[in-house]
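J.: Take this structure first; my questions come after.
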Amino acid sequence: MLIRDLPTPHLVLDRRKLEHNLARMRGRASELGVRLRPHGKTAKSAEVVRRAVGAGPLMVTVSTLREAKYFAENGVRDIVHANCIAPNRLPEAAALLRDGVDLAITTDSTAVAAEIVRAGGEFGVRFAVMIEVDVGEHRGGVAADSDALLATARALHDGGMEVRGVLAHAGHTYGCTDAAAVAVIAEAERAGAVAAARRIREADIPCREVSVGSTPGALFAKHLDGVTEFRPGVYMFMDLFQAGVGCCGIDEIALTVLGTVINHRPDEGTAHIDAGALALSKDRSTGAQPIDRGFGLVTDVFGLPLPGLCVEAVHQEHGRLAGAGGVPFGVLPIGSRVRVLPNHVCMTAAMYDRYAVVDGSEKGDEQPVEAFWDRVNGW
C-alpha cells in the first residue's frame, strides 16, 4: 500500500524519526544512570515499546489496566500501572498477578491501601505498590514529608503487601518554556522522591524503587542521584507542545495525521479537511506558548511545512485550514493530502487503532507504507 491509498484521517508514523527519538532517550538514561521504563500511554503499542527499550530490559509504564493486559499479552510483562488505582479495578490487577505478570500498582491513599490489603487477602495475591509523591504539580500524591506517606506505607507493609517504591511525576514542567526552568522542577521532583523513599526506609519498610518521569524532566535534569528509573512517554513521537518547550525540533515530530482537502472557501481564504476534533483532538496547549499552532501545523503530503498554515478551527469531523497568506489552493487542490503535526500527540492518537508506518526518506504520494502497528485503547 502507498500513503496515497490510505483512508483518511489516518495516523502516519515516520519510523526514522521515531528511532531517532528512542535512541536519544536511551542515551539520556545511560548518561543519568537510571533504568528507562518507557511510558506506554502515548504510543499504546507493543511494537513501539519493544523498540523503545532496545537491548535493555523489556518493561513498560501504563496508565490503564487495559494497557497492562495488552502489553502482558504481547510479551511485556514487567509493568508499572502509574495511575492511582480505583478499588473496583483490584480484581483485574489480581488476575494479572495470578497470570505471572510482574505488575506494580499505585496509590496515594491510606483508605485505598486498606482496600489493597483486603483484596490481596481475598484473591490470594501480594500486591506490589508504588506510593505516589506530590512534588509540586498537586495533581495527585502525598507530600514527601507528610504523615500520610508513612501511614500509607505502614498500612501496606503491615498488611503483607510489598511497598515496591515511590513514584513522582512533575507534570508542571509542561508550563516551562526553557530548559533552565525545567531543570529546576526536575531537581525538585528528584529530591522529593528520594526524600520520600528515605523516610520509608528509615521506618524499616523496604522501598527499592524511586521512579520519576516526564519527557522535559528526563531531557533537562542535571542529575538523577538516588533515582532508579524514569518514565517518559511522549518523547517517542514528540509534538508541537514539546517543540515549544524546547524538547525537540519540529522536524523531529514522528507522528502526523493524514487528511484530505474536501473543499475550498476562496472568499475566506480557507479550506476544510476531513480531520476534525476527533481526529486531531481539541487540545490547544500551544495557545499559551509564544507561537500558537492552532489545532495543528499543516504540512504537505511530503511532510514539508506550508508556511503559516495551521488548522485554525475544528468541528467533530472537519478541520478548517487558514494562514496569514490564506490557503495556497493551487498547492492544495480538492482531493489532495496534507499531514497535520499534533499539539498533544497523546490526545491526537487516542481515537485510532493503528499506525501506518513509513520509512520517512521517500517523499510524496508514492511513499510506501512499510507496516501497520496496532495500538490499544480504552480502560
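If you're wondering about the labels, chains in the C-alpha cells are A, B, ... by order shown, residues count from 1 in each chain, ligands from 1 in order shown.
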Show which residues sit within 9 Å of region 345-361 of chain A, as number ranges by chain. Count only C-alpha atoms, and ignore same-chain residues fewer than 5 positions away.
T.: A: 3, 6, 10-17, 41-45, 234, 237-241, 255-257, 277-283, 303, 367-378
J.: Keeping C-alpha atoms for every residue in the selection just given, could you write it to a file as a PDB file, in the first residue's frame?
T.:
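So again_24.pdb came out as:
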ATOM      1  CA  ILE A   3       0.467   6.527   1.522  1.00  0.00           C
ATOM      2  CA  LEU A   6      -4.672   5.192   2.980  1.00  0.00           C
ATOM      3  CA  HIS A  10      -5.099   8.213   9.415  1.00  0.00           C
ATOM      4  CA  LEU A  11      -2.095   8.191  11.711  1.00  0.00           C
ATOM      5  CA  VAL A  12       1.231   8.153   9.878  1.00  0.00           C
ATOM      6  CA  LEU A  13       4.340   7.239  11.859  1.00  0.00           C
ATOM      7  CA  ASP A  14       7.763   8.139  10.498  1.00  0.00           C
ATOM      8  CA  ARG A  15       9.956   5.235  11.594  1.00  0.00           C
ATOM      9  CA  ARG A  16      13.240   7.070  11.146  1.00  0.00           C
ATOM     10  CA  LYS A  17      12.176   9.966  13.326  1.00  0.00           C
ATOM     11  CA  LYS A  41       0.308   5.781  27.409  1.00  0.00           C
ATOM     12  CA  THR A  42       1.325   7.757  24.322  1.00  0.00           C
ATOM     13  CA  ALA A  43       2.101   5.027  21.805  1.00  0.00           C
ATOM     14  CA  LYS A  44      -0.072   2.285  23.367  1.00  0.00           C
ATOM     15  CA  SER A  45       1.805  -0.071  21.046  1.00  0.00           C
ATOM     16  CA  VAL A 234       5.668  11.465  24.701  1.00  0.00           C
ATOM     17  CA  PHE A 237       6.674  10.757  18.924  1.00  0.00           C
ATOM     18  CA  MET A 238       7.125  14.354  20.178  1.00  0.00           C
ATOM     19  CA  ASP A 239       4.607  17.064  19.276  1.00  0.00           C
ATOM     20  CA  LEU A 240       4.214  20.809  18.822  1.00  0.00           C
ATOM     21  CA  PHE A 241       3.894  21.436  22.537  1.00  0.00           C
ATOM     22  CA  LEU A 255       3.628  11.306  14.121  1.00  0.00           C
ATOM     23  CA  THR A 256       1.241  13.140  11.819  1.00  0.00           C
ATOM     24  CA  VAL A 257      -2.423  12.858  10.902  1.00  0.00           C
ATOM     25  CA  ALA A 277     -11.837  17.388  16.632  1.00  0.00           C
ATOM     26  CA  LEU A 278     -11.930  13.589  16.926  1.00  0.00           C
ATOM     27  CA  ALA A 279      -9.037  13.050  14.527  1.00  0.00           C
ATOM     28  CA  LEU A 280      -6.790  15.813  15.877  1.00  0.00           C
ATOM     29  CA  SER A 281      -8.157  16.405  19.404  1.00  0.00           C
ATOM     30  CA  LYS A 282      -9.256  19.786  20.735  1.00  0.00           C
ATOM     31  CA  ASP A 283      -6.054  20.286  22.687  1.00  0.00           C
ATOM     32  CA  GLY A 303       5.873  16.342   5.384  1.00  0.00           C
ATOM     33  CA  GLN A 367       5.724   6.680  -0.385  1.00  0.00           C
ATOM     34  CA  PRO A 368       5.096   3.037   0.582  1.00  0.00           C
ATOM     35  CA  VAL A 369       3.576   2.007   3.891  1.00  0.00           C
ATOM     36  CA  GLU A 370       6.065  -0.406   5.466  1.00  0.00           C
ATOM     37  CA  ALA A 371       3.743  -1.875   8.062  1.00  0.00           C
ATOM     38  CA  PHE A 372       0.728  -1.329  10.260  1.00  0.00           C
ATOM     39  CA  TRP A 373       1.359  -1.403  14.005  1.00  0.00           C
ATOM     40  CA  ASP A 374      -1.587  -1.898  16.321  1.00  0.00           C
ATOM     41  CA  ARG A 375      -2.361   0.105  19.458  1.00  0.00           C
ATOM     42  CA  VAL A 376      -4.747  -0.406  22.353  1.00  0.00           C
ATOM     43  CA  ASN A 377      -7.438   1.986  23.573  1.00  0.00           C
ATOM     44  CA  GLY A 378      -9.885   2.121  26.443  1.00  0.00           C
TER      45      GLY A 378
END
J.: Near Asp134 (chain A), counting only C-alpha atoms, which residues have an atom at most 8 Å away, once you skip same-chain residues fewer than 3 positions from it, shown as a VMD selection string?
T.: chain A and resid 137 to 144 168 to 169 192
J.: Write a file of the selected residues as a PDB file, in the first residue's frame, keeping all heavy atoms.
T.:
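result_24.pdb written:
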ATOM      1  N   GLU A 137       3.091  19.492  41.451  1.00  0.00           N
ATOM      2  CA  GLU A 137       2.013  19.685  40.483  1.00  0.00           C
ATOM      3  C   GLU A 137       0.647  19.704  41.157  1.00  0.00           C
ATOM      4  O   GLU A 137      -0.288  20.330  40.670  1.00  0.00           O
ATOM      5  CB  GLU A 137       2.033  18.575  39.426  1.00  0.00           C
ATOM      6  CG  GLU A 137       1.016  18.813  38.324  1.00  0.00           C
ATOM      7  CD  GLU A 137       0.977  17.694  37.298  1.00  0.00           C
ATOM      8  OE1 GLU A 137       1.483  16.594  37.582  1.00  0.00           O
ATOM      9  OE2 GLU A 137       0.426  17.915  36.203  1.00  0.00           O
ATOM     10  N   HIS A 138       0.521  18.994  42.269  1.00  0.00           N
ATOM     11  CA  HIS A 138      -0.730  18.907  43.036  1.00  0.00           C
ATOM     12  C   HIS A 138      -1.850  18.227  42.258  1.00  0.00           C
ATOM     13  O   HIS A 138      -3.020  18.467  42.512  1.00  0.00           O
ATOM     14  CB  HIS A 138      -1.181  20.294  43.522  1.00  0.00           C
ATOM     15  CG  HIS A 138      -0.109  21.058  44.241  1.00  0.00           C
ATOM     16  ND1 HIS A 138       0.655  20.501  45.251  1.00  0.00           N
ATOM     17  CD2 HIS A 138       0.349  22.321  44.074  1.00  0.00           C
ATOM     18  CE1 HIS A 138       1.520  21.392  45.688  1.00  0.00           C
ATOM     19  NE2 HIS A 138       1.364  22.505  44.983  1.00  0.00           N
ATOM     20  N   ARG A 139      -1.479  17.341  41.345  1.00  0.00           N
ATOM     21  CA  ARG A 139      -2.476  16.527  40.649  1.00  0.00           C
ATOM     22  C   ARG A 139      -2.831  15.308  41.478  1.00  0.00           C
ATOM     23  O   ARG A 139      -3.987  14.881  41.534  1.00  0.00           O
ATOM     24  CB  ARG A 139      -1.927  16.098  39.281  1.00  0.00           C
ATOM     25  CG  ARG A 139      -2.924  15.292  38.458  1.00  0.00           C
ATOM     26  CD  ARG A 139      -2.311  14.822  37.159  1.00  0.00           C
ATOM     27  NE  ARG A 139      -1.307  13.769  37.374  1.00  0.00           N
ATOM     28  CZ  ARG A 139      -0.699  13.127  36.376  1.00  0.00           C
ATOM     29  NH1 ARG A 139      -0.960  13.452  35.116  1.00  0.00           N
ATOM     30  NH2 ARG A 139       0.193  12.184  36.629  1.00  0.00           N
ATOM     31  N   GLY A 140      -1.841  14.732  42.109  1.00  0.00           N
ATOM     32  CA  GLY A 140      -2.037  13.548  42.939  1.00  0.00           C
ATOM     33  C   GLY A 140      -0.802  13.336  43.765  1.00  0.00           C
ATOM     34  O   GLY A 140       0.214  14.012  43.603  1.00  0.00           O
ATOM     35  N   GLY A 141      -0.883  12.408  44.687  1.00  0.00           N
ATOM     36  CA  GLY A 141       0.279  12.100  45.511  1.00  0.00           C
ATOM     37  C   GLY A 141       0.215  12.735  46.886  1.00  0.00           C
ATOM     38  O   GLY A 141      -0.616  13.608  47.160  1.00  0.00           O
ATOM     39  N   VAL A 142       1.097  12.279  47.755  1.00  0.00           N
ATOM     40  CA  VAL A 142       1.217  12.822  49.112  1.00  0.00           C
ATOM     41  C   VAL A 142       2.580  13.481  49.238  1.00  0.00           C
ATOM     42  O   VAL A 142       3.538  13.109  48.561  1.00  0.00           O
ATOM     43  CB  VAL A 142       1.061  11.715  50.182  1.00  0.00           C
ATOM     44  CG1 VAL A 142      -0.349  11.168  50.181  1.00  0.00           C
ATOM     45  CG2 VAL A 142       2.067  10.583  49.959  1.00  0.00           C
ATOM     46  N   ALA A 143       2.683  14.464  50.079  1.00  0.00           N
ATOM     47  CA  ALA A 143       3.947  15.175  50.253  1.00  0.00           C
ATOM     48  C   ALA A 143       4.995  14.253  50.861  1.00  0.00           C
ATOM     49  O   ALA A 143       4.687  13.379  51.687  1.00  0.00           O
ATOM     50  CB  ALA A 143       3.743  16.399  51.141  1.00  0.00           C
ATOM     51  N   ALA A 144       6.239  14.475  50.461  1.00  0.00           N
ATOM     52  CA  ALA A 144       7.331  13.620  50.933  1.00  0.00           C
ATOM     53  C   ALA A 144       7.503  13.683  52.438  1.00  0.00           C
ATOM     54  O   ALA A 144       7.934  12.703  53.067  1.00  0.00           O
ATOM     55  CB  ALA A 144       8.636  14.014  50.240  1.00  0.00           C
ATOM     56  N   ALA A 168       6.881   9.624  41.291  1.00  0.00           N
ATOM     57  CA  ALA A 168       6.550  11.039  41.176  1.00  0.00           C
ATOM     58  C   ALA A 168       6.448  11.434  39.711  1.00  0.00           C
ATOM     59  O   ALA A 168       7.093  10.838  38.846  1.00  0.00           O
ATOM     60  CB  ALA A 168       7.608  11.899  41.872  1.00  0.00           C
ATOM     61  N   HIS A 169       5.634  12.452  39.469  1.00  0.00           N
ATOM     62  CA  HIS A 169       5.502  12.988  38.112  1.00  0.00           C
ATOM     63  C   HIS A 169       5.402  14.502  38.204  1.00  0.00           C
ATOM     64  O   HIS A 169       4.420  15.039  38.717  1.00  0.00           O
ATOM     65  CB  HIS A 169       4.266  12.433  37.418  1.00  0.00           C
ATOM     66  CG  HIS A 169       3.997  13.069  36.074  1.00  0.00           C
ATOM     67  ND1 HIS A 169       4.870  12.948  35.016  1.00  0.00           N
ATOM     68  CD2 HIS A 169       2.975  13.846  35.632  1.00  0.00           C
ATOM     69  CE1 HIS A 169       4.389  13.611  33.969  1.00  0.00           C
ATOM     70  NE2 HIS A 169       3.246  14.169  34.325  1.00  0.00           N
ATOM     71  N   GLY A 192      12.338  15.320  45.995  1.00  0.00           N
ATOM     72  CA  GLY A 192      11.141  14.907  46.725  1.00  0.00           C
ATOM     73  C   GLY A 192      10.962  13.403  46.740  1.00  0.00           C
ATOM     74  O   GLY A 192      10.632  12.813  47.781  1.00  0.00           O
TER      75      GLY A 192
END
J.: Quick check, in Å to one decimal: how far apart do CA of Cys310 (chain A) and CA of Ala322 (chain A) lie?
T.: 5.8 Å
J.: Give the answer as one residue: which of A:Gly276, A:Trp379, A:Phe329, A:Leu309 has the shortest atom-to-atom distance to Ala68 (chain A), using only C-alpha atoms?
T.: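 Of A:Gly276, A:Trp379, A:Phe329, A:Leu309, the one nearest Ala68 (chain A), counting only C-alpha atoms, is A:Trp379.
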J.: Do you know which residues are at most 10 Å from His264 (chain A) counting only C-alpha atoms, after dropping those on the same chain fewer than 6 positions away, and could you put them as a list in words?
T.: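 The contact residues come out as Thr270, Ala271, His272, Ile273, Arg320, Leu321, Val327, Phe329, Leu332, Pro333 and Ile334 of chain A.
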J.: Can you write just those residues out, N, CA and C atoms, as a PDB file, in the first residue's frame?
T.:
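Dumped everything to part.pdb:
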ATOM      1  N   THR A 270      -9.836  30.057   3.113  1.00  0.00           N
ATOM      2  CA  THR A 270      -9.742  28.861   3.954  1.00  0.00           C
ATOM      3  C   THR A 270     -10.116  27.619   3.154  1.00  0.00           C
ATOM      4  N   ALA A 271      -9.855  26.476   3.760  1.00  0.00           N
ATOM      5  CA  ALA A 271     -10.252  25.192   3.190  1.00  0.00           C
ATOM      6  C   ALA A 271     -10.566  24.250   4.344  1.00  0.00           C
ATOM      7  N   HIS A 272     -11.248  23.160   4.032  1.00  0.00           N
ATOM      8  CA  HIS A 272     -11.543  22.151   5.039  1.00  0.00           C
ATOM      9  C   HIS A 272     -10.854  20.833   4.694  1.00  0.00           C
ATOM     10  N   ILE A 273     -10.478  20.112   5.743  1.00  0.00           N
ATOM     11  CA  ILE A 273     -10.004  18.748   5.592  1.00  0.00           C
ATOM     12  C   ILE A 273     -10.914  17.824   6.391  1.00  0.00           C
ATOM     13  N   ARG A 320     -10.614  23.256   9.756  1.00  0.00           N
ATOM     14  CA  ARG A 320     -10.528  24.402   8.847  1.00  0.00           C
ATOM     15  C   ARG A 320      -9.093  24.901   8.765  1.00  0.00           C
ATOM     16  N   LEU A 321      -8.554  24.919   7.572  1.00  0.00           N
ATOM     17  CA  LEU A 321      -7.194  25.384   7.343  1.00  0.00           C
ATOM     18  C   LEU A 321      -7.206  26.879   7.074  1.00  0.00           C
ATOM     19  N   VAL A 327      -4.984  30.037   2.292  1.00  0.00           N
ATOM     20  CA  VAL A 327      -4.642  28.676   1.866  1.00  0.00           C
ATOM     21  C   VAL A 327      -4.121  28.719   0.423  1.00  0.00           C
ATOM     22  N   PHE A 329      -4.394  27.427  -2.611  1.00  0.00           N
ATOM     23  CA  PHE A 329      -5.301  26.499  -3.282  1.00  0.00           C
ATOM     24  C   PHE A 329      -4.627  25.764  -4.430  1.00  0.00           C
ATOM     25  N   LEU A 332      -2.802  22.973  -2.867  1.00  0.00           N
ATOM     26  CA  LEU A 332      -3.690  22.036  -2.167  1.00  0.00           C
ATOM     27  C   LEU A 332      -5.048  21.982  -2.865  1.00  0.00           C
ATOM     28  N   PRO A 333      -5.110  21.392  -4.055  1.00  0.00           N
ATOM     29  CA  PRO A 333      -6.416  21.243  -4.702  1.00  0.00           C
ATOM     30  C   PRO A 333      -7.311  20.289  -3.910  1.00  0.00           C
ATOM     31  N   ILE A 334      -8.593  20.361  -4.171  1.00  0.00           N
ATOM     32  CA  ILE A 334      -9.526  19.444  -3.522  1.00  0.00           C
ATOM     33  C   ILE A 334      -9.127  18.004  -3.868  1.00  0.00           C
TER      34      ILE A 334
END
J.: I need the residue nearest Ala195 (chain A) from this list: A:Val163, A:Val112, A:Val133, A:Cys176. Use only C-alpha atoms for the distance.
T.: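 Of all the options, A:Val133 lies closest to Ala195 (chain A).
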J.: Can you list, as a list in words, every protein, DNA or RNA residue that comes within 8 Å of Ala221 (chain A) when you count only C-alpha atoms, leaving out same-chain residues fewer than 6 positions away?
T.: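 Residues near the query, excluding close chain neighbours: Val182, Ala183, Val184, Ala186 and Glu187 of chain A.
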J.: Write the residues of the preceding selection, restricted to N, CA and C atoms, as a short mmCIF file (atom, residue, chain, number, x, y, z; two decimals), in the first residue's frame.
T.:
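Listing of result_30.cif after writing:
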data_model
loop_
_atom_site.label_atom_id
_atom_site.label_comp_id
_atom_site.auth_asym_id
_atom_site.auth_seq_id
_atom_site.Cartn_x
_atom_site.Cartn_y
_atom_site.Cartn_z
N VAL A 182 12.87 24.01 33.42
CA VAL A 182 12.56 22.58 33.55
C VAL A 182 13.52 21.92 34.51
N ALA A 183 14.80 22.26 34.43
CA ALA A 183 15.81 21.63 35.28
C ALA A 183 15.54 21.90 36.76
N VAL A 184 15.05 23.09 37.08
CA VAL A 184 14.72 23.41 38.48
C VAL A 184 13.60 22.50 38.99
N ALA A 186 12.71 19.58 37.68
CA ALA A 186 13.20 18.20 37.67
C ALA A 186 14.00 17.90 38.93
N GLU A 187 14.77 18.86 39.42
CA GLU A 187 15.52 18.65 40.65
C GLU A 187 14.59 18.55 41.85
#
J.: List the spatial neighbours of region 117-130 of chain A as a count of residues only - criterion: any atom at most 6 Å away, only C-alpha atoms, same-chain residues fewer than 4 positions off excluded.
T.: 10
J.: Could you pull the residues within 10 Å of region 227-230 of chain A, counting only C-alpha atoms, minus those fewer than 3 positions along the same chain, as number ranges by chain?
T.: A: 29, 32-39, 61, 165-169, 190-191, 193-194, 197, 208-215, 217-218, 223-224, 233
J.: Using only C-alpha atoms, can you tell me which of A:Ser30, A:Asn88, A:Asn263, A:Gln316 comes closest to Gly56 (chain A)?
T.: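 Ranked by minimum distance to Gly56 (chain A), first place goes to A:Ser30.
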J.: Grab the CA of Leu149 (chain A) to CA of Glu132 (chain A) distance for me, in Å with one decimal place.
T.: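 Computing the Euclidean distance for CA of Leu149 (chain A) and CA of Glu132 (chain A) yields 8.7 Å.
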